[in-house]
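Trainee: Mind looking over this structure? Questions follow.
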Amino acid sequence: ETVSAIVSGAKADPLPAVSAQHPNILAIMNESWADFEDFGNITLSESTMDYIKSLDNAVVGHAYTSVFGAGTSTSEFEFLTGDSMAFLPSGSIPYQQYILGASDSLATLLKGYGYEARAFHPGEKTSWQRNIAYPRLGFDSFKCGDDMDVPQTDEHGYVSDDSDFRQVIWEFEHKQEGTPLFLFNVTIQNHGGYEDEDYETTVQVNEASGEYPQAEQYLSLTKKSDEALEYLIDYFSQVEEPTLILLFGDHQPQVASNFYTDVLGTAPDTALAQKKQMVPFVLWANYDIPEAQGVELSLNYLSALLMDTANLPMTGYQKYLARLWKAAPVINTVGIRDAGGNWYGENE
């Protein structure tokens, strides 16, 4: 009875006619993507997000993850399903423990609207058991690093974002004609660790140059991400088919703790703890969409925002999430923030 009251009025929109006019949707979860300049305690020799921050015709903000430094697949799970890790046992891995058969996701929903659903990750196919989870979540195909159709370049031992995004373009250019594409891409370039002694560091922390070698190697990598994203968006800005590109981080990187102390401070409260869960997100389109800045939400709401921006019908569950977002903009394993901006810890 309580559940029925909570979801009252959250009815699914009517199913649309299958149409090639639905926008292509490219959802890119960028490995360990964070913006440390956001916190205001450090400055960098050059910004790692110059291009992304210059975009217009975009919805820009912060998403709050349930993991820090690792656990990429849990962020995928929250985005694709709308379900928060806050309600699953601590340390659980949904792809391995809960996606045990056919499961509803953004992929199954969009396929019902006539989309082709592809997944691409330039790492190992069996990592996090994606090779098992993705088909169960409704993806038509899944490519890994061994399956790439474009030349590969590396950054500190991982496939570069430049190569990754060229593969994204390849997937678009080879999609079924007259069929909109939903592509979910998880990058790997910025994966830890950040201890490659031969890697050229190009970005320094102005206040303490050389004191944070791991952080500065990470920051240099994210600068290259920004350059690769410029190439990707420049390509799609010239594409005639309407296309939405969603970019978001899976978690912040695991670098030296003294760097985080300087960036975030030391007060042991929930609001501070949540700062380690913040990642940027940008939703851009090559056609006119309503712009917004400073949007904040947890990852479980991000697919509902995507559907709304794409002007696609939403399920009853997504409508419920859109309503819940207003009351509790952040729900994750660290705690909850209410509409008034008050933070509550996990045990509250």
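In the structure tokens, each chain is lettered A, B, ... as it comes, each chain's residues begin at 1, and ligands are numbered from 1 in order of appearance.
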Considering only C-alpha atoms, give me a table of residues in stretch 107-191 of chain A that are at most 12 Å from stretch 32-50 of chain A, with the closest atom pair and distance in Å for each, as a tab-separated table.
Mentor:
residue	atom	partner	partner_atom	distance
A:Asp161	CA	A:Trp33	CA	11.8
A:Val186	CA	A:Ser32	CA	10.6
A:Thr187	CA	A:Ser32	CA	9.2
A:Ile188	CA	A:Ser32	CA	8.5
A:Gln189	CA	A:Ser32	CA	8.9
A:Asn190	CA	A:Ser32	CA	5.9
A:His191	CA	A:Ser32	CA	6.3
Trainee: Once DSSP has gone over the backbone, tell me which residues of stretch 91-308 of chain A are in strand (DSSP E or B), as a JSON list (two decimals) with N, CA, C and O atoms, in the first residue's frame.
Mentor:
[["chain", "number", "residue", "atom", "x", "y", "z"],
["A", 116, "GLU", "N", 18.74, 0.77, -32.37],
["A", 116, "GLU", "CA", 19.73, -0.30, -32.29],
["A", 116, "GLU", "C", 20.61, 0.01, -31.09],
["A", 116, "GLU", "O", 21.08, 1.15, -30.94],
["A", 117, "ALA", "N", 20.83, -0.95, -30.20],
["A", 117, "ALA", "CA", 21.57, -0.71, -28.96],
["A", 117, "ALA", "C", 22.91, -1.44, -29.01],
["A", 117, "ALA", "O", 22.97, -2.67, -29.07],
["A", 118, "ARG", "N", 23.98, -0.65, -28.98],
["A", 118, "ARG", "CA", 25.33, -1.22, -29.00],
["A", 118, "ARG", "C", 26.10, -0.77, -27.75],
["A", 118, "ARG", "O", 25.88, 0.33, -27.24],
["A", 119, "ALA", "N", 27.02, -1.61, -27.30],
["A", 119, "ALA", "CA", 27.92, -1.26, -26.20],
["A", 119, "ALA", "C", 29.36, -1.42, -26.68],
["A", 119, "ALA", "O", 29.66, -2.32, -27.48],
["A", 120, "PHE", "N", 30.23, -0.53, -26.17],
["A", 120, "PHE", "CA", 31.65, -0.58, -26.56],
["A", 120, "PHE", "C", 32.51, -0.15, -25.39],
["A", 120, "PHE", "O", 32.26, 0.89, -24.77],
["A", 141, "SER", "N", 24.77, -5.75, -29.33],
["A", 141, "SER", "CA", 26.15, -6.14, -29.58],
["A", 141, "SER", "C", 27.06, -5.50, -28.55],
["A", 141, "SER", "O", 26.69, -4.50, -27.91],
["A", 142, "PHE", "N", 28.24, -6.06, -28.37],
["A", 142, "PHE", "CA", 29.23, -5.53, -27.44],
["A", 142, "PHE", "C", 30.62, -5.74, -28.03],
["A", 142, "PHE", "O", 31.01, -6.86, -28.35],
["A", 143, "LYS", "N", 31.35, -4.64, -28.21],
["A", 143, "LYS", "CA", 32.73, -4.71, -28.69],
["A", 143, "LYS", "C", 33.67, -4.33, -27.56],
["A", 143, "LYS", "O", 33.40, -3.41, -26.78],
["A", 154, "ASP", "N", 47.82, 4.30, -27.46],
["A", 154, "ASP", "CA", 47.76, 4.11, -26.01],
["A", 154, "ASP", "C", 48.15, 5.37, -25.26],
["A", 154, "ASP", "O", 48.90, 6.21, -25.76],
["A", 155, "GLU", "N", 47.64, 5.47, -24.05],
["A", 155, "GLU", "CA", 48.10, 6.46, -23.07],
["A", 155, "GLU", "C", 48.34, 5.71, -21.77],
["A", 155, "GLU", "O", 47.44, 5.10, -21.24],
["A", 158, "TYR", "N", 46.92, 2.16, -21.69],
["A", 158, "TYR", "CA", 45.50, 1.91, -21.95],
["A", 158, "TYR", "C", 45.11, 2.55, -23.29],
["A", 158, "TYR", "O", 45.69, 3.56, -23.70],
["A", 159, "VAL", "N", 44.08, 1.98, -23.93],
["A", 159, "VAL", "CA", 43.61, 2.55, -25.19],
["A", 159, "VAL", "C", 43.20, 4.00, -24.98],
["A", 159, "VAL", "O", 42.47, 4.33, -24.04],
["A", 181, "LEU", "N", 20.59, 5.17, -33.41],
["A", 181, "LEU", "CA", 21.59, 4.39, -32.66],
["A", 181, "LEU", "C", 21.62, 4.82, -31.20],
["A", 181, "LEU", "O", 21.68, 6.02, -30.90],
["A", 182, "PHE", "N", 21.57, 3.85, -30.30],
["A", 182, "PHE", "CA", 21.93, 4.07, -28.91],
["A", 182, "PHE", "C", 23.24, 3.35, -28.67],
["A", 182, "PHE", "O", 23.32, 2.12, -28.78],
["A", 183, "LEU", "N", 24.29, 4.12, -28.39],
["A", 183, "LEU", "CA", 25.61, 3.55, -28.12],
["A", 183, "LEU", "C", 26.02, 3.90, -26.70],
["A", 183, "LEU", "O", 26.05, 5.07, -26.33],
["A", 184, "PHE", "N", 26.34, 2.88, -25.91],
["A", 184, "PHE", "CA", 26.87, 3.08, -24.57],
["A", 184, "PHE", "C", 28.35, 2.75, -24.60],
["A", 184, "PHE", "O", 28.74, 1.63, -24.88],
["A", 185, "ASN", "N", 29.17, 3.75, -24.32],
["A", 185, "ASN", "CA", 30.63, 3.61, -24.41],
["A", 185, "ASN", "C", 31.25, 3.90, -23.04],
["A", 185, "ASN", "O", 30.98, 4.93, -22.44],
["A", 186, "VAL", "N", 32.07, 2.97, -22.58],
["A", 186, "VAL", "CA", 32.82, 3.16, -21.34],
["A", 186, "VAL", "C", 34.29, 3.25, -21.71],
["A", 186, "VAL", "O", 34.86, 2.30, -22.24],
["A", 205, "VAL", "N", 49.98, 21.23, -10.65],
["A", 205, "VAL", "CA", 49.23, 21.98, -9.64],
["A", 205, "VAL", "C", 50.05, 23.21, -9.28],
["A", 205, "VAL", "O", 51.17, 23.10, -8.79],
["A", 243, "THR", "N", 21.59, 14.24, -33.03],
["A", 243, "THR", "CA", 22.40, 13.37, -32.17],
["A", 243, "THR", "C", 22.62, 14.03, -30.81],
["A", 243, "THR", "O", 22.99, 15.20, -30.74],
["A", 244, "LEU", "N", 22.37, 13.27, -29.76],
["A", 244, "LEU", "CA", 22.64, 13.69, -28.39],
["A", 244, "LEU", "C", 23.88, 12.96, -27.89],
["A", 244, "LEU", "O", 24.01, 11.74, -28.08],
["A", 245, "ILE", "N", 24.78, 13.69, -27.23],
["A", 245, "ILE", "CA", 25.94, 13.07, -26.62],
["A", 245, "ILE", "C", 25.94, 13.38, -25.14],
["A", 245, "ILE", "O", 25.93, 14.54, -24.73],
["A", 246, "LEU", "N", 25.91, 12.33, -24.33],
["A", 246, "LEU", "CA", 25.98, 12.47, -22.88],
["A", 246, "LEU", "C", 27.36, 12.02, -22.41],
["A", 246, "LEU", "O", 27.79, 10.91, -22.73],
["A", 247, "LEU", "N", 28.05, 12.88, -21.68],
["A", 247, "LEU", "CA", 29.37, 12.57, -21.13],
["A", 247, "LEU", "C", 29.28, 12.63, -19.61],
["A", 247, "LEU", "O", 28.76, 13.62, -19.06],
["A", 248, "PHE", "N", 29.79, 11.62, -18.92],
["A", 248, "PHE", "CA", 29.81, 11.67, -17.46],
["A", 248, "PHE", "C", 30.90, 10.77, -16.92],
["A", 248, "PHE", "O", 31.36, 9.84, -17.60],
["A", 249, "GLY", "N", 31.34, 11.04, -15.70],
["A", 249, "GLY", "CA", 32.38, 10.23, -15.07],
["A", 249, "GLY", "C", 31.79, 9.08, -14.30],
["A", 249, "GLY", "O", 30.65, 9.13, -13.83],
["A", 278, "MET", "N", 31.56, 13.39, -6.47],
["A", 278, "MET", "CA", 31.14, 14.29, -7.55],
["A", 278, "MET", "C", 31.92, 14.04, -8.84],
["A", 278, "MET", "O", 33.15, 13.98, -8.82],
["A", 279, "VAL", "N", 31.19, 13.92, -9.93],
["A", 279, "VAL", "CA", 31.81, 13.85, -11.26],
["A", 279, "VAL", "C", 31.04, 14.80, -12.18],
["A", 279, "VAL", "O", 29.87, 15.08, -11.96],
["A", 280, "PRO", "N", 31.70, 15.32, -13.21],
["A", 280, "PRO", "CA", 30.99, 16.20, -14.14],
["A", 280, "PRO", "C", 30.10, 15.41, -15.09],
["A", 280, "PRO", "O", 30.33, 14.22, -15.34],
["A", 281, "PHE", "N", 29.07, 16.07, -15.60],
["A", 281, "PHE", "CA", 28.33, 15.52, -16.73],
["A", 281, "PHE", "C", 27.96, 16.66, -17.67],
["A", 281, "PHE", "O", 27.76, 17.81, -17.25],
["A", 282, "VAL", "N", 27.92, 16.33, -18.94],
["A", 282, "VAL", "CA", 27.55, 17.29, -19.99],
["A", 282, "VAL", "C", 26.64, 16.55, -20.97],
["A", 282, "VAL", "O", 26.97, 15.46, -21.45],
["A", 283, "LEU", "N", 25.49, 17.16, -21.27],
["A", 283, "LEU", "CA", 24.56, 16.61, -22.25],
["A", 283, "LEU", "C", 24.45, 17.64, -23.38],
["A", 283, "LEU", "O", 23.91, 18.72, -23.19],
["A", 284, "TRP", "N", 25.02, 17.30, -24.53],
["A", 284, "TRP", "CA", 25.12, 18.21, -25.67],
["A", 284, "TRP", "C", 24.39, 17.61, -26.86],
["A", 284, "TRP", "O", 24.30, 16.38, -27.01],
["A", 285, "ALA", "N", 23.87, 18.48, -27.71],
["A", 285, "ALA", "CA", 23.20, 18.00, -28.92],
["A", 285, "ALA", "C", 23.63, 18.85, -30.11],
["A", 285, "ALA", "O", 24.01, 20.01, -29.96],
["A", 292, "ALA", "N", 21.01, 24.36, -19.66],
["A", 292, "ALA", "CA", 20.97, 24.49, -18.20],
["A", 292, "ALA", "C", 22.37, 24.36, -17.65],
["A", 292, "ALA", "O", 23.20, 23.61, -18.18],
["A", 293, "GLN", "N", 22.65, 25.10, -16.58],
["A", 293, "GLN", "CA", 23.94, 25.05, -15.89],
["A", 293, "GLN", "C", 23.69, 24.70, -14.42],
["A", 293, "GLN", "O", 22.65, 25.00, -13.86],
["A", 294, "GLY", "N", 24.68, 24.07, -13.81],
["A", 294, "GLY", "CA", 24.62, 23.82, -12.38],
["A", 294, "GLY", "C", 23.62, 22.77, -11.95],
["A", 294, "GLY", "O", 23.20, 22.74, -10.80],
["A", 295, "VAL", "N", 23.24, 21.86, -12.85],
["A", 295, "VAL", "CA", 22.31, 20.79, -12.52],
["A", 295, "VAL", "C", 23.02, 19.77, -11.63],
["A", 295, "VAL", "O", 24.17, 19.39, -11.90],
["A", 296, "GLU", "N", 22.35, 19.32, -10.57],
["A", 296, "GLU", "CA", 22.95, 18.33, -9.67],
["A", 296, "GLU", "C", 21.99, 17.17, -9.47],
["A", 296, "GLU", "O", 20.79, 17.37, -9.24],
["A", 297, "LEU", "N", 22.54, 15.97, -9.56],
["A", 297, "LEU", "CA", 21.74, 14.77, -9.39],
["A", 297, "LEU", "C", 22.66, 13.59, -9.11],
["A", 297, "LEU", "O", 23.86, 13.66, -9.34],
["A", 298, "SER", "N", 22.10, 12.51, -8.61],
["A", 298, "SER", "CA", 22.88, 11.29, -8.50],
["A", 298, "SER", "C", 22.69, 10.47, -9.77],
["A", 298, "SER", "O", 21.76, 10.69, -10.55]]
Trainee: I'd like to know which of A:Leu229, A:Ala304, A:Pro213, A:Ala5 is closest to A:Lys319, using only C-alpha atoms.
Mentor: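 Looking at the shortest contact to A:Lys319, the residue is A:Ala304.
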Trainee: Measuring atom to atom with only C-alpha atoms, identify which of A:Ile93, A:Ile233, A:Ala27, A:Leu109 is nearest to A:Ser54.
Mentor: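 Nearest candidate to A:Ser54 out of A:Ile93, A:Ile233, A:Ala27, A:Leu109: A:Ile233.
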Trainee: Please provide as a list in words all residues within 6 Å of stretch 308-317 of chain A, with the sequence filter that same-chain residues fewer than 4 positions apart are discarded (counting only C-alpha atoms).
Mentor: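 Those residues are Ala10, Lys11, Ala12 and Asp13 of chain A.
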Trainee: DSSP on the backbone: what in stretch 149-303 of chain A comes out alpha helix (DSSP H), as a VMD selection string?
Mentor: chain A and resid 161 to 173 213 to 236 257 to 264 270 to 275 302 to 303
Trainee: Restricting the calculation to only C-alpha atoms, which member of A:Pro23, A:Ala327, A:Leu106, A:Asp262 is positioned closest to A:Glu207?
Mentor: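 Smallest separation from A:Glu207 among the options: A:Asp262.
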Trainee: Please provide as a list of chain:residue names all residues within 9 Å of A:Thr65, with the sequence filter that same-chain residues fewer than 6 positions apart are discarded (counting only C-alpha atoms).
Mentor: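 Residues near the query, excluding close chain neighbours: A:Thr74, A:Ser75, A:Glu78, A:Gly249, A:Asp250, A:His251, A:Gln252, A:Gln274, A:Lys276, A:Gln277, A:Met278, A:Val279, A:Ser298, A:Leu299, A:Asn300, A:Ile331, A:Asn332, A:Thr333.
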Trainee: Measure the distance from atom CA of A:Val7 to atom CA of A:Val59 in Å and round it to one decimal.
Mentor: 27.1 Å
Trainee: Pick out the residues sitting within 8 Å of A:Leu137, and hand them over as a list in words; count only C-alpha atoms, and ignore anything fewer than 4 positions along from it in its own chain.
Mentor: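 Final neighbour list, sorted by chain and number: Ile99, Ala102, Ser103, Asp104, Ser105, Ala107, Thr108 and Ala133 of chain A.
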Trainee: For those residues, write N, CA, C and O atoms to a file as a PDB file, in the first residue's frame.
Mentor:
ATOM      1  N   ILE A  99      22.186  -9.153 -12.046  1.00  0.00           N
ATOM      2  CA  ILE A  99      21.744  -9.226 -13.442  1.00  0.00           C
ATOM      3  C   ILE A  99      21.901 -10.680 -13.877  1.00  0.00           C
ATOM      4  O   ILE A  99      22.854 -11.060 -14.544  1.00  0.00           O
ATOM      5  N   ALA A 102      17.333 -11.741 -18.222  1.00  0.00           N
ATOM      6  CA  ALA A 102      16.895 -10.555 -18.960  1.00  0.00           C
ATOM      7  C   ALA A 102      16.427  -9.481 -17.980  1.00  0.00           C
ATOM      8  O   ALA A 102      15.612  -9.749 -17.096  1.00  0.00           O
ATOM      9  N   SER A 103      16.965  -8.277 -18.115  1.00  0.00           N
ATOM     10  CA  SER A 103      16.698  -7.193 -17.163  1.00  0.00           C
ATOM     11  C   SER A 103      16.410  -5.900 -17.915  1.00  0.00           C
ATOM     12  O   SER A 103      17.104  -5.562 -18.869  1.00  0.00           O
ATOM     13  N   ASP A 104      15.406  -5.177 -17.448  1.00  0.00           N
ATOM     14  CA  ASP A 104      15.068  -3.896 -18.070  1.00  0.00           C
ATOM     15  C   ASP A 104      16.193  -2.896 -17.875  1.00  0.00           C
ATOM     16  O   ASP A 104      16.818  -2.836 -16.814  1.00  0.00           O
ATOM     17  N   SER A 105      16.431  -2.094 -18.899  1.00  0.00           N
ATOM     18  CA  SER A 105      17.462  -1.058 -18.837  1.00  0.00           C
ATOM     19  C   SER A 105      17.150  -0.009 -19.892  1.00  0.00           C
ATOM     20  O   SER A 105      16.177  -0.125 -20.648  1.00  0.00           O
ATOM     21  N   ALA A 107      18.750   0.318 -22.510  1.00  0.00           N
ATOM     22  CA  ALA A 107      18.891  -0.364 -23.806  1.00  0.00           C
ATOM     23  C   ALA A 107      17.583  -1.032 -24.226  1.00  0.00           C
ATOM     24  O   ALA A 107      17.139  -0.895 -25.371  1.00  0.00           O
ATOM     25  N   THR A 108      16.936  -1.758 -23.322  1.00  0.00           N
ATOM     26  CA  THR A 108      15.679  -2.429 -23.685  1.00  0.00           C
ATOM     27  C   THR A 108      14.594  -1.404 -23.995  1.00  0.00           C
ATOM     28  O   THR A 108      13.790  -1.598 -24.905  1.00  0.00           O
ATOM     29  N   ALA A 133      26.608  -9.545 -18.786  1.00  0.00           N
ATOM     30  CA  ALA A 133      25.608  -8.574 -18.331  1.00  0.00           C
ATOM     31  C   ALA A 133      24.990  -7.781 -19.481  1.00  0.00           C
ATOM     32  O   ALA A 133      23.773  -7.550 -19.497  1.00  0.00           O
TER      33      ALA A 133
END
Trainee: Would you please work out which residue, of A:Arg166, A:Trp128, A:Gln254, A:Leu219, is nearest to A:Ala70 when using only C-alpha atoms?
Mentor: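 Looking only at the distances to A:Ala70, the closest residue turns out to be A:Gln254.
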Trainee: Could you check which of A:Gly178, A:Glu76, A:His156, A:Tyr231 is closest to A:Gln217, using only C-alpha atoms?
Mentor: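 Distance minimum relative to A:Gln217 lands on A:His156.
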